[in-house]
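Student: The file below is start26.cif, mmCIF, N, CA and C atoms:
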```cif
data_coords
loop_
_atom_site.label_atom_id
_atom_site.label_comp_id
_atom_site.auth_asym_id
_atom_site.auth_seq_id
_atom_site.Cartn_x
_atom_site.Cartn_y
_atom_site.Cartn_z
N MET A 1396 52.73 210.69 138.31
CA MET A 1396 53.95 211.28 137.80
C MET A 1396 54.29 210.75 136.41
N TYR A 1397 53.88 209.53 136.15
CA TYR A 1397 54.15 208.94 134.85
C TYR A 1397 52.82 208.47 134.24
N PRO A 1398 52.02 209.38 133.70
CA PRO A 1398 50.67 209.00 133.26
C PRO A 1398 50.65 208.02 132.09
N LEU A 1399 51.67 208.03 131.26
CA LEU A 1399 51.66 207.13 130.11
C LEU A 1399 52.14 205.73 130.46
N SER A 1400 52.79 205.55 131.59
CA SER A 1400 53.29 204.22 131.95
C SER A 1400 52.23 203.38 132.65
N LEU A 1401 51.22 204.00 133.20
CA LEU A 1401 50.17 203.26 133.91
C LEU A 1401 49.14 202.78 132.90
N GLN A 1402 48.88 201.51 132.87
CA GLN A 1402 47.93 200.95 131.93
C GLN A 1402 46.59 200.74 132.62
N TRP A 1403 45.67 201.66 132.39
CA TRP A 1403 44.32 201.53 132.93
C TRP A 1403 43.51 200.67 131.99
N THR A 1404 42.79 199.74 132.56
CA THR A 1404 41.90 198.91 131.77
C THR A 1404 40.48 199.14 132.26
N LYS A 1405 39.53 198.68 131.47
CA LYS A 1405 38.13 198.82 131.88
C LYS A 1405 37.86 198.05 133.17
N SER A 1406 38.49 196.90 133.32
CA SER A 1406 38.23 196.10 134.52
C SER A 1406 38.78 196.78 135.77
N LYS A 1407 39.96 197.41 135.68
CA LYS A 1407 40.50 198.15 136.83
C LYS A 1407 39.61 199.33 137.17
N GLY A 1408 39.15 200.05 136.16
CA GLY A 1408 38.25 201.17 136.39
C GLY A 1408 36.94 200.72 137.02
N THR A 1409 36.41 199.61 136.54
CA THR A 1409 35.16 199.08 137.10
C THR A 1409 35.35 198.67 138.54
N ILE A 1410 36.46 198.03 138.86
CA ILE A 1410 36.73 197.61 140.24
C ILE A 1410 36.82 198.83 141.16
N ILE A 1411 37.53 199.86 140.72
CA ILE A 1411 37.67 201.06 141.54
C ILE A 1411 36.31 201.71 141.78
N ILE A 1412 35.50 201.81 140.74
CA ILE A 1412 34.17 202.42 140.89
C ILE A 1412 33.30 201.59 141.83
N VAL A 1413 33.35 200.27 141.71
CA VAL A 1413 32.56 199.40 142.59
C VAL A 1413 33.01 199.55 144.04
N VAL A 1414 34.31 199.61 144.28
CA VAL A 1414 34.81 199.78 145.65
C VAL A 1414 34.36 201.12 146.23
N ILE A 1415 34.46 202.19 145.45
CA ILE A 1415 34.03 203.51 145.93
C ILE A 1415 32.55 203.51 146.28
N TRP A 1416 31.72 202.98 145.40
CA TRP A 1416 30.29 202.95 145.65
C TRP A 1416 29.93 202.03 146.83
N THR A 1417 30.64 200.93 146.97
CA THR A 1417 30.38 200.02 148.09
C THR A 1417 30.69 200.69 149.42
N VAL A 1418 31.84 201.35 149.50
CA VAL A 1418 32.20 202.06 150.73
C VAL A 1418 31.20 203.17 151.02
N ALA A 1419 30.83 203.93 149.99
CA ALA A 1419 29.87 205.03 150.18
C ALA A 1419 28.52 204.51 150.65
N CYS A 1420 28.05 203.45 150.04
CA CYS A 1420 26.76 202.88 150.46
C CYS A 1420 26.85 202.28 151.87
N GLY A 1421 27.96 201.64 152.18
CA GLY A 1421 28.13 201.07 153.52
C GLY A 1421 28.13 202.13 154.60
N VAL A 1422 28.86 203.22 154.36
CA VAL A 1422 28.92 204.29 155.36
C VAL A 1422 27.57 204.98 155.50
N SER A 1423 26.90 205.24 154.40
CA SER A 1423 25.64 205.96 154.47
C SER A 1423 24.46 205.09 154.89
N SER A 1424 24.58 203.77 154.79
CA SER A 1424 23.48 202.89 155.17
C SER A 1424 23.20 202.93 156.67
N VAL A 1425 24.17 203.36 157.44
CA VAL A 1425 23.94 203.49 158.88
C VAL A 1425 22.80 204.48 159.14
N GLN A 1426 22.71 205.52 158.33
CA GLN A 1426 21.63 206.50 158.48
C GLN A 1426 20.26 205.87 158.24
N LEU A 1427 20.19 204.91 157.31
CA LEU A 1427 18.91 204.24 157.06
C LEU A 1427 18.46 203.41 158.25
N ILE A 1428 19.41 202.81 158.94
CA ILE A 1428 19.08 201.92 160.05
C ILE A 1428 18.84 202.70 161.34
N HIS A 1429 19.72 203.67 161.62
CA HIS A 1429 19.68 204.34 162.91
C HIS A 1429 19.13 205.77 162.86
N GLY A 1430 18.82 206.28 161.71
CA GLY A 1430 18.32 207.65 161.60
C GLY A 1430 16.84 207.75 161.93
N ARG A 1431 16.49 208.76 162.70
CA ARG A 1431 15.10 209.00 163.08
C ARG A 1431 14.79 210.49 162.91
N ALA A 1432 13.61 210.78 162.44
CA ALA A 1432 13.15 212.16 162.34
C ALA A 1432 12.11 212.38 163.43
N GLU A 1433 12.39 213.27 164.36
CA GLU A 1433 11.48 213.54 165.47
C GLU A 1433 10.86 214.92 165.26
N VAL A 1434 9.54 214.98 165.46
CA VAL A 1434 8.80 216.22 165.28
C VAL A 1434 8.93 217.07 166.53
N PHE A 1435 9.14 218.37 166.33
CA PHE A 1435 9.08 219.31 167.45
C PHE A 1435 8.45 220.61 166.96
N PHE A 1436 7.90 221.34 167.90
CA PHE A 1436 7.21 222.58 167.55
C PHE A 1436 7.97 223.76 168.13
N LEU A 1437 8.03 224.83 167.35
CA LEU A 1437 8.68 226.06 167.79
C LEU A 1437 7.83 227.21 167.26
N GLN A 1438 7.27 227.97 168.17
CA GLN A 1438 6.39 229.08 167.83
C GLN A 1438 5.27 228.64 166.90
N ASP A 1439 4.60 227.57 167.28
CA ASP A 1439 3.47 227.00 166.55
C ASP A 1439 3.79 226.54 165.13
N GLN A 1440 5.07 226.29 164.86
CA GLN A 1440 5.46 225.72 163.58
C GLN A 1440 6.08 224.35 163.82
N MET A 1441 5.76 223.42 162.93
CA MET A 1441 6.27 222.06 163.08
C MET A 1441 7.60 221.92 162.34
N PHE A 1442 8.59 221.34 163.03
CA PHE A 1442 9.91 221.10 162.46
C PHE A 1442 10.29 219.64 162.72
N TYR A 1443 11.27 219.18 161.98
CA TYR A 1443 11.78 217.83 162.16
C TYR A 1443 13.24 217.91 162.59
N ASP A 1444 13.59 217.10 163.56
CA ASP A 1444 14.97 217.00 164.03
C ASP A 1444 15.47 215.60 163.69
N CYS A 1445 16.44 215.52 162.81
CA CYS A 1445 16.98 214.22 162.37
C CYS A 1445 18.16 213.84 163.26
N ASN A 1446 18.07 212.69 163.88
CA ASN A 1446 19.10 212.21 164.80
C ASN A 1446 19.43 210.76 164.51
N GLU A 1447 20.60 210.37 164.97
CA GLU A 1447 20.98 208.96 164.94
C GLU A 1447 20.65 208.38 166.32
N VAL A 1448 19.89 207.31 166.32
CA VAL A 1448 19.51 206.68 167.57
C VAL A 1448 20.37 205.44 167.75
N MET A 1449 21.43 205.60 168.53
CA MET A 1449 22.32 204.48 168.84
C MET A 1449 23.04 204.81 170.14
N ASP A 1450 23.67 203.80 170.74
CA ASP A 1450 24.35 204.08 171.99
C ASP A 1450 25.60 204.92 171.75
N GLU A 1451 26.18 205.43 172.82
CA GLU A 1451 27.27 206.41 172.72
C GLU A 1451 28.50 205.84 172.02
N PHE A 1452 28.87 204.60 172.35
CA PHE A 1452 30.05 203.99 171.73
C PHE A 1452 29.86 203.85 170.22
N ASP A 1453 28.70 203.33 169.80
CA ASP A 1453 28.44 203.15 168.37
C ASP A 1453 28.42 204.50 167.65
N SER A 1454 27.87 205.51 168.30
CA SER A 1454 27.83 206.84 167.70
C SER A 1454 29.23 207.40 167.49
N LYS A 1455 30.08 207.24 168.50
CA LYS A 1455 31.47 207.71 168.38
C LYS A 1455 32.23 206.91 167.32
N LEU A 1456 32.01 205.62 167.28
CA LEU A 1456 32.67 204.78 166.28
C LEU A 1456 32.23 205.17 164.87
N TYR A 1457 30.93 205.39 164.69
CA TYR A 1457 30.41 205.81 163.38
C TYR A 1457 31.01 207.16 162.97
N THR A 1458 31.07 208.10 163.89
CA THR A 1458 31.65 209.40 163.60
C THR A 1458 33.11 209.26 163.22
N LEU A 1459 33.85 208.40 163.91
CA LEU A 1459 35.26 208.17 163.61
C LEU A 1459 35.43 207.54 162.22
N VAL A 1460 34.59 206.59 161.88
CA VAL A 1460 34.68 205.94 160.56
C VAL A 1460 34.35 206.94 159.45
N VAL A 1461 33.31 207.74 159.64
CA VAL A 1461 32.95 208.74 158.63
C VAL A 1461 34.08 209.74 158.47
N PHE A 1462 34.67 210.19 159.58
CA PHE A 1462 35.79 211.13 159.52
C PHE A 1462 36.97 210.51 158.76
N ALA A 1463 37.29 209.26 159.07
CA ALA A 1463 38.44 208.61 158.43
C ALA A 1463 38.21 208.38 156.94
N VAL A 1464 37.02 207.95 156.57
CA VAL A 1464 36.75 207.61 155.17
C VAL A 1464 36.54 208.85 154.30
N THR A 1465 35.89 209.87 154.85
CA THR A 1465 35.54 211.02 154.01
C THR A 1465 36.52 212.18 154.11
N PHE A 1466 37.37 212.19 155.14
CA PHE A 1466 38.32 213.30 155.27
C PHE A 1466 39.77 212.84 155.40
N LEU A 1467 40.06 212.04 156.40
CA LEU A 1467 41.43 211.68 156.72
C LEU A 1467 42.11 210.90 155.59
N LEU A 1468 41.48 209.86 155.11
CA LEU A 1468 42.08 209.05 154.04
C LEU A 1468 42.28 209.86 152.75
N PRO A 1469 41.27 210.60 152.27
CA PRO A 1469 41.52 211.42 151.07
C PRO A 1469 42.60 212.48 151.30
N MET A 1470 42.64 213.07 152.50
CA MET A 1470 43.67 214.08 152.78
C MET A 1470 45.07 213.47 152.76
N LEU A 1471 45.22 212.30 153.32
CA LEU A 1471 46.52 211.63 153.33
C LEU A 1471 46.96 211.24 151.91
N VAL A 1472 46.02 210.73 151.11
CA VAL A 1472 46.35 210.36 149.73
C VAL A 1472 46.73 211.61 148.93
N LEU A 1473 45.95 212.66 149.07
CA LEU A 1473 46.22 213.91 148.36
C LEU A 1473 47.56 214.50 148.78
N THR A 1474 47.82 214.52 150.08
CA THR A 1474 49.09 215.06 150.57
C THR A 1474 50.27 214.24 150.08
N TYR A 1475 50.17 212.91 150.16
CA TYR A 1475 51.25 212.05 149.68
C TYR A 1475 51.52 212.27 148.20
N ALA A 1476 50.44 212.29 147.41
CA ALA A 1476 50.61 212.44 145.96
C ALA A 1476 51.24 213.79 145.62
N TYR A 1477 50.79 214.84 146.28
CA TYR A 1477 51.32 216.17 145.96
C TYR A 1477 52.74 216.36 146.48
N VAL A 1478 53.06 215.77 147.63
CA VAL A 1478 54.44 215.85 148.12
C VAL A 1478 55.37 215.08 147.18
N ALA A 1479 54.97 213.90 146.75
CA ALA A 1479 55.79 213.12 145.82
C ALA A 1479 55.97 213.87 144.50
N LEU A 1480 54.90 214.44 144.00
CA LEU A 1480 54.97 215.20 142.77
C LEU A 1480 55.85 216.43 142.92
N GLY A 1481 55.68 217.15 144.03
CA GLY A 1481 56.49 218.35 144.27
C GLY A 1481 57.96 218.03 144.42
N MET A 1482 58.27 216.96 145.15
CA MET A 1482 59.68 216.59 145.32
C MET A 1482 60.30 216.17 143.99
N LYS A 1483 59.57 215.41 143.20
CA LYS A 1483 60.08 214.98 141.90
C LYS A 1483 60.33 216.20 141.01
N MET A 1484 59.40 217.13 141.01
CA MET A 1484 59.55 218.32 140.18
C MET A 1484 60.69 219.21 140.69
N TRP A 1485 60.79 219.37 142.00
CA TRP A 1485 61.81 220.25 142.56
C TRP A 1485 63.23 219.74 142.29
N ARG A 1486 63.39 218.41 142.31
CA ARG A 1486 64.72 217.81 142.09
C ARG A 1486 65.12 217.80 140.62
N HIS A 1487 64.17 217.93 139.73
CA HIS A 1487 64.46 217.85 138.30
C HIS A 1487 65.33 219.02 137.86
N ARG A 1488 66.35 218.71 137.12
CA ARG A 1488 67.24 219.73 136.57
C ARG A 1488 67.16 219.68 135.05
N SER A 1489 67.20 220.82 134.42
CA SER A 1489 67.17 220.87 132.96
C SER A 1489 68.49 220.36 132.41
N PRO A 1490 68.43 219.62 131.32
CA PRO A 1490 69.68 219.12 130.74
C PRO A 1490 70.47 220.27 130.10
N GLY A 1491 71.73 220.05 129.97
CA GLY A 1491 72.58 221.05 129.32
C GLY A 1491 73.35 221.87 130.34
N ASN A 1492 74.06 222.84 129.84
CA ASN A 1492 74.85 223.72 130.69
C ASN A 1492 73.95 224.66 131.48
N ALA A 1493 74.49 225.09 132.62
CA ALA A 1493 73.74 226.04 133.44
C ALA A 1493 73.59 227.36 132.71
N HIS A 1494 72.40 227.92 132.85
CA HIS A 1494 72.11 229.22 132.23
C HIS A 1494 71.30 230.01 133.26
N ASP A 1495 71.87 231.12 133.74
CA ASP A 1495 71.28 231.85 134.87
C ASP A 1495 69.84 232.29 134.62
N ILE A 1496 69.56 232.86 133.49
CA ILE A 1496 68.20 233.37 133.22
C ILE A 1496 67.20 232.22 133.16
N ARG A 1497 67.56 231.17 132.41
CA ARG A 1497 66.68 230.00 132.30
C ARG A 1497 66.46 229.36 133.66
N ASP A 1498 67.55 229.18 134.43
CA ASP A 1498 67.45 228.53 135.72
C ASP A 1498 66.62 229.35 136.71
N SER A 1499 66.76 230.67 136.71
CA SER A 1499 65.96 231.48 137.63
C SER A 1499 64.49 231.46 137.22
N HIS A 1500 64.19 231.43 135.92
CA HIS A 1500 62.81 231.34 135.46
C HIS A 1500 62.20 230.00 135.88
N GLN A 1501 62.94 228.92 135.75
CA GLN A 1501 62.44 227.61 136.16
C GLN A 1501 62.24 227.55 137.67
N HIS A 1502 63.14 228.19 138.42
CA HIS A 1502 63.01 228.21 139.87
C HIS A 1502 61.72 228.94 140.27
N ARG A 1503 61.43 230.07 139.63
CA ARG A 1503 60.20 230.81 139.91
C ARG A 1503 58.97 229.96 139.53
N SER A 1504 59.05 229.28 138.41
CA SER A 1504 57.94 228.44 137.97
C SER A 1504 57.70 227.29 138.95
N LYS A 1505 58.77 226.66 139.40
CA LYS A 1505 58.64 225.57 140.37
C LYS A 1505 58.05 226.08 141.68
N THR A 1506 58.48 227.26 142.10
CA THR A 1506 57.95 227.84 143.34
C THR A 1506 56.46 228.09 143.21
N LYS A 1507 56.00 228.58 142.07
CA LYS A 1507 54.58 228.81 141.85
C LYS A 1507 53.79 227.50 141.91
N VAL A 1508 54.33 226.46 141.31
CA VAL A 1508 53.64 225.16 141.31
C VAL A 1508 53.56 224.61 142.73
N ILE A 1509 54.64 224.71 143.49
CA ILE A 1509 54.63 224.23 144.88
C ILE A 1509 53.59 225.00 145.69
N LYS A 1510 53.53 226.31 145.52
CA LYS A 1510 52.52 227.11 146.22
C LYS A 1510 51.11 226.67 145.84
N MET A 1511 50.90 226.37 144.57
CA MET A 1511 49.59 225.93 144.12
C MET A 1511 49.23 224.57 144.72
N LEU A 1512 50.19 223.65 144.79
CA LEU A 1512 49.93 222.33 145.39
C LEU A 1512 49.59 222.47 146.86
N VAL A 1513 50.33 223.31 147.58
CA VAL A 1513 50.04 223.54 149.01
C VAL A 1513 48.67 224.18 149.16
N THR A 1514 48.32 225.11 148.28
CA THR A 1514 47.01 225.76 148.35
C THR A 1514 45.89 224.77 148.15
N VAL A 1515 46.04 223.84 147.22
CA VAL A 1515 45.00 222.84 146.97
C VAL A 1515 44.80 221.97 148.21
N VAL A 1516 45.89 221.53 148.83
CA VAL A 1516 45.77 220.70 150.04
C VAL A 1516 45.12 221.50 151.17
N LEU A 1517 45.53 222.75 151.35
CA LEU A 1517 44.96 223.58 152.41
C LEU A 1517 43.47 223.86 152.16
N LEU A 1518 43.08 224.07 150.91
CA LEU A 1518 41.67 224.27 150.61
C LEU A 1518 40.86 223.00 150.88
N PHE A 1519 41.44 221.84 150.61
CA PHE A 1519 40.75 220.59 150.94
C PHE A 1519 40.56 220.46 152.44
N VAL A 1520 41.59 220.80 153.20
CA VAL A 1520 41.52 220.71 154.67
C VAL A 1520 40.51 221.72 155.21
N ASP A 1521 40.47 222.91 154.61
CA ASP A 1521 39.58 223.96 155.09
C ASP A 1521 38.12 223.70 154.76
N SER A 1522 37.86 223.00 153.67
CA SER A 1522 36.46 222.79 153.29
C SER A 1522 35.89 221.62 153.97
#
```
Once more with this new file: its structure as C-alpha coordinates, please.

Tutor:
Amino acid sequence: MYPLSLQWTKSKGTIIIVVIWTVACGVSSVQLIHGRAEVFFLQDQMFYDCNEVMDEFDSKLYTLVVFAVTFLLPMLVLTYAYVALGMKMWRHRSPGNAHDIRDSHQHRSKTKVIKMLVTVVLLFVDS
(Lines of atoms letter the chains of each structure in order from A and count residues from 1; the text may use other names and numbers.)
(Lines give C-alpha, C1' and ligand atoms only; values in the text may rest on other atoms or scores of the structure.)
Protein backbone atom coordinates (compact mmCIF):
# COMPACT_ATOMS: atom_id res chain seq x y z
CA MET A 1 0.00 0.00 0.00
CA TYR A 2 2.93 2.30 0.63
CA PRO A 3 5.60 1.27 -1.89
CA LEU A 4 7.87 4.24 -1.27
CA SER A 5 8.00 3.78 2.51
CA LEU A 6 9.38 0.24 2.39
CA GLN A 7 13.15 0.21 2.12
CA TRP A 8 14.25 -2.86 0.20
CA THR A 9 17.92 -3.64 0.39
CA LYS A 10 20.01 -6.16 -1.48
CA SER A 11 20.44 -8.21 1.68
CA LYS A 12 16.67 -8.43 2.29
CA GLY A 13 16.12 -9.43 -1.32
CA THR A 14 18.86 -12.04 -1.10
CA ILE A 15 17.40 -13.49 2.10
CA ILE A 16 13.93 -13.74 0.57
CA ILE A 17 15.29 -15.46 -2.56
CA VAL A 18 17.34 -17.90 -0.46
CA VAL A 19 14.31 -18.77 1.70
CA ILE A 20 12.11 -19.35 -1.38
CA TRP A 21 14.69 -21.57 -3.05
CA THR A 22 15.38 -23.48 0.18
CA VAL A 23 11.69 -24.25 0.71
CA ALA A 24 11.27 -25.22 -2.96
CA CYS A 25 14.28 -27.52 -2.88
CA GLY A 26 13.20 -29.03 0.44
CA VAL A 27 9.70 -29.81 -0.79
CA SER A 28 10.84 -31.19 -4.13
CA SER A 29 13.73 -33.23 -2.69
CA VAL A 30 11.22 -35.74 -1.37
CA GLN A 31 10.69 -36.81 -5.00
CA LEU A 32 14.41 -37.57 -5.33
CA ILE A 33 14.37 -39.83 -2.29
CA HIS A 34 10.99 -41.54 -2.61
CA GLY A 35 10.19 -41.29 -6.32
CA ARG A 36 10.33 -44.44 -8.42
CA ALA A 37 9.67 -45.02 -12.10
CA GLU A 38 8.11 -48.43 -12.73
CA VAL A 39 7.91 -49.92 -16.21
CA PHE A 40 4.60 -51.29 -17.47
CA PHE A 41 3.40 -52.45 -20.86
CA LEU A 42 0.16 -51.55 -22.57
CA GLN A 43 -0.61 -52.94 -26.02
CA ASP A 44 3.03 -53.93 -26.53
CA GLN A 45 4.27 -50.43 -25.74
CA MET A 46 6.52 -49.66 -22.79
CA PHE A 47 5.45 -46.88 -20.41
CA TYR A 48 6.74 -45.56 -17.11
CA ASP A 49 4.60 -44.95 -14.05
CA CYS A 50 6.17 -42.50 -11.60
CA ASN A 51 5.12 -43.05 -7.99
CA GLU A 52 6.18 -42.07 -4.53
CA VAL A 53 7.20 -45.11 -2.53
CA MET A 54 6.47 -44.34 1.12
CA ASP A 55 4.04 -45.45 3.78
CA GLU A 56 0.51 -44.03 3.87
CA PHE A 57 1.08 -41.58 6.73
CA ASP A 58 4.21 -40.09 5.13
CA SER A 59 2.43 -39.83 1.79
CA LYS A 60 -0.51 -37.96 3.34
CA LEU A 61 1.83 -35.70 5.30
CA TYR A 62 3.85 -34.91 2.15
CA THR A 63 0.66 -34.14 0.21
CA LEU A 64 -0.52 -31.86 3.04
CA VAL A 65 2.81 -30.00 3.14
CA VAL A 66 2.87 -29.54 -0.64
CA PHE A 67 -0.74 -28.29 -0.56
CA ALA A 68 0.02 -25.84 2.27
CA VAL A 69 3.26 -24.48 0.79
CA THR A 70 2.23 -24.25 -2.86
CA PHE A 71 -1.46 -23.33 -2.59
CA LEU A 72 -2.82 -22.49 0.85
CA LEU A 73 -0.08 -20.13 2.06
CA PRO A 74 0.12 -18.14 -1.22
CA MET A 75 -3.69 -17.95 -1.37
CA LEU A 76 -3.91 -16.62 2.18
CA VAL A 77 -1.16 -14.03 1.57
CA LEU A 78 -2.77 -12.94 -1.70
CA THR A 79 -6.23 -12.73 -0.15
CA TYR A 80 -4.97 -10.77 2.87
CA ALA A 81 -3.02 -8.34 0.71
CA TYR A 82 -5.90 -7.73 -1.68
CA VAL A 83 -8.48 -7.38 1.08
CA ALA A 84 -6.26 -4.85 2.88
CA LEU A 85 -5.66 -2.98 -0.35
CA GLY A 86 -9.35 -3.03 -1.28
CA MET A 87 -10.47 -1.82 2.14
CA LYS A 88 -7.91 0.98 2.15
CA MET A 89 -8.98 2.07 -1.32
CA TRP A 90 -12.71 1.79 -0.59
CA ARG A 91 -12.45 3.93 2.56
CA HIS A 92 -10.43 6.66 0.85
CA ARG A 93 -12.36 9.85 0.20
CA SER A 94 -11.27 12.59 -2.17
CA PRO A 95 -10.38 15.84 -0.45
CA GLY A 96 -12.56 18.87 -0.94
CA ASN A 97 -16.28 19.39 -1.16
CA ALA A 98 -18.59 16.66 -2.35
CA HIS A 99 -19.20 16.65 -6.07
CA ASP A 100 -21.82 14.20 -7.39
CA ILE A 101 -20.31 13.53 -10.82
CA ARG A 102 -16.76 13.12 -9.49
CA ASP A 103 -17.91 10.95 -6.59
CA SER A 104 -20.01 8.65 -8.79
CA HIS A 105 -17.09 8.26 -11.23
CA GLN A 106 -14.75 7.35 -8.36
CA HIS A 107 -17.33 4.91 -6.99
CA ARG A 108 -17.52 3.16 -10.39
CA SER A 109 -13.72 3.09 -10.61
CA LYS A 110 -13.40 1.61 -7.12
CA THR A 111 -16.02 -1.02 -7.95
CA LYS A 112 -14.06 -2.02 -11.07
CA VAL A 113 -10.84 -2.35 -9.07
CA ILE A 114 -12.55 -4.47 -6.39
CA LYS A 115 -13.98 -6.75 -9.09
CA MET A 116 -10.52 -7.08 -10.62
CA LEU A 117 -8.94 -7.96 -7.25
CA VAL A 118 -11.62 -10.61 -6.60
CA THR A 119 -11.10 -11.98 -10.12
CA VAL A 120 -7.35 -12.33 -9.57
CA VAL A 121 -7.89 -14.26 -6.32
CA LEU A 122 -10.54 -16.49 -7.92
CA LEU A 123 -8.29 -17.21 -10.90
CA PHE A 124 -5.49 -18.19 -8.51
CA VAL A 125 -7.86 -20.53 -6.66
CA ASP A 126 -9.17 -21.98 -9.94
CA SER A 127 -5.76 -22.67 -11.45

Student: Suppose a student applies the PyMOL selection byres ((chain A and resi 1417-1428) around 8) to this structure; what residues should they get, written as an MDAnalysis selection string?

Tutor: chainID A and resid 1411:1416 1429:1431 1446:1448 1460:1461

Student: Choose the residue, out of A:Phe1519, A:Pro1490, A:Met1484, A:Lys1405, that has the smallest atom-to-atom separation from Lys1505 of chain A; count only N, CA and C atoms.

Tutor: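 With only N, CA and C atoms as the atom set, the closest residue is A:Met1484.
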
Student: Have a look at A:Thr1506, A:Lys1407, A:Asp1521, A:His1500 and name the one nearest to Trp1485 of chain A; count all atoms listed in the file.

Tutor: A:Thr1506

Student: Could you work out how far atom CA of Ala1463 of chain A lies from atom C of Met1449 of chain A, giving the answer in Å with one decimal?

Tutor: 19.7 Å

Student: Would you tabulate, counting only C-alpha atoms, all residues of segment 1412-1476 of chain A that have an atom at most 12 Å from an atom of segment 1511-1515 of chain A, showing the closest pair of atoms and their distance in Å to one decimal, sorted by chain then ascending number, as JSON lines?

Tutor:
```
{"residue": "A:Met1470", "atom": "CA", "partner": "A:Val1515", "partner_atom": "CA", "distance": 10.6}
{"residue": "A:Leu1473", "atom": "CA", "partner": "A:Val1515", "partner_atom": "CA", "distance": 9.1}
{"residue": "A:Thr1474", "atom": "CA", "partner": "A:Val1513", "partner_atom": "CA", "distance": 8.7}
{"residue": "A:Tyr1475", "atom": "CA", "partner": "A:Leu1512", "partner_atom": "CA", "distance": 11.2}
{"residue": "A:Ala1476", "atom": "CA", "partner": "A:Leu1512", "partner_atom": "CA", "distance": 9.9}
```

Student: How would the residues just picked look written out with N, CA and C atoms as a CSV table (one decimal), in the frame of the given file?

Tutor:
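Output saved as selection.csv:
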```csv
chain,number,residue,atom,x,y,z
A,1470,MET,N,42.6,213.1,152.5
A,1470,MET,CA,43.7,214.1,152.8
A,1470,MET,C,45.1,213.5,152.8
A,1473,LEU,N,46.0,212.7,149.1
A,1473,LEU,CA,46.2,213.9,148.4
A,1473,LEU,C,47.6,214.5,148.8
A,1474,THR,N,47.8,214.5,150.1
A,1474,THR,CA,49.1,215.1,150.6
A,1474,THR,C,50.3,214.2,150.1
A,1475,TYR,N,50.2,212.9,150.2
A,1475,TYR,CA,51.2,212.0,149.7
A,1475,TYR,C,51.5,212.3,148.2
A,1476,ALA,N,50.4,212.3,147.4
A,1476,ALA,CA,50.6,212.4,146.0
A,1476,ALA,C,51.2,213.8,145.6
```

Student: At what distance in Å, to one decimal, does atom C of Thr1465 of chain A lie from atom CA of Asp1453 of chain A?

Tutor: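 Between atom CA of Asp1453 of chain A and atom C of Thr1465 of chain A the gap works out to 18.7 Å.
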
Student: Select all residues near (11.3, 214.3, 157.9) (cut-off 8 Å, inclusive, file coordinates), counting only C-alpha atoms, and output them as a list in words.

Tutor: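 Checking each residue against the 8 Å limit leaves Ala1432, Glu1433, Tyr1443, Asp1444 and Cys1445 of chain A.
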
Student: Quick one: write out the picked residues with N, CA and C atoms as a tab-separated table (two decimals), keeping the file's coordinate frame?

Tutor:
```tsv
chain	number	residue	atom	x	y	z
A	1432	ALA	N	13.61	210.78	162.44
A	1432	ALA	CA	13.15	212.16	162.34
A	1432	ALA	C	12.11	212.38	163.43
A	1433	GLU	N	12.39	213.27	164.36
A	1433	GLU	CA	11.48	213.54	165.47
A	1433	GLU	C	10.86	214.92	165.26
A	1443	TYR	N	11.27	219.18	161.98
A	1443	TYR	CA	11.78	217.83	162.16
A	1443	TYR	C	13.24	217.91	162.59
A	1444	ASP	N	13.59	217.10	163.56
A	1444	ASP	CA	14.97	217.00	164.03
A	1444	ASP	C	15.47	215.60	163.69
A	1445	CYS	N	16.44	215.52	162.81
A	1445	CYS	CA	16.98	214.22	162.37
A	1445	CYS	C	18.16	213.84	163.26
```

Student: Rounded to one decimal place, report the atom CA of Phe1466 of chain A-atom CA of Thr1409 of chain A distance in Å.

Tutor: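 Computing the Euclidean distance for atom CA of Phe1466 of chain A and atom CA of Thr1409 of chain A yields 23.3 Å.
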
Student: Could you pull out all residues of chain A with a DSSP call of helix (DSSP H, G or I) and give them as a VMD selection string?

Tutor: chain A and resid 1405 to 1429 1451 to 1486 1495 to 1521

Student: Using DSSP on the backbone, list every residue of chain A that comes out as strand (DSSP E or B), and give them as an MDAnalysis selection string.

Tutor: chainID A and resid 1430:1437 1440:1447
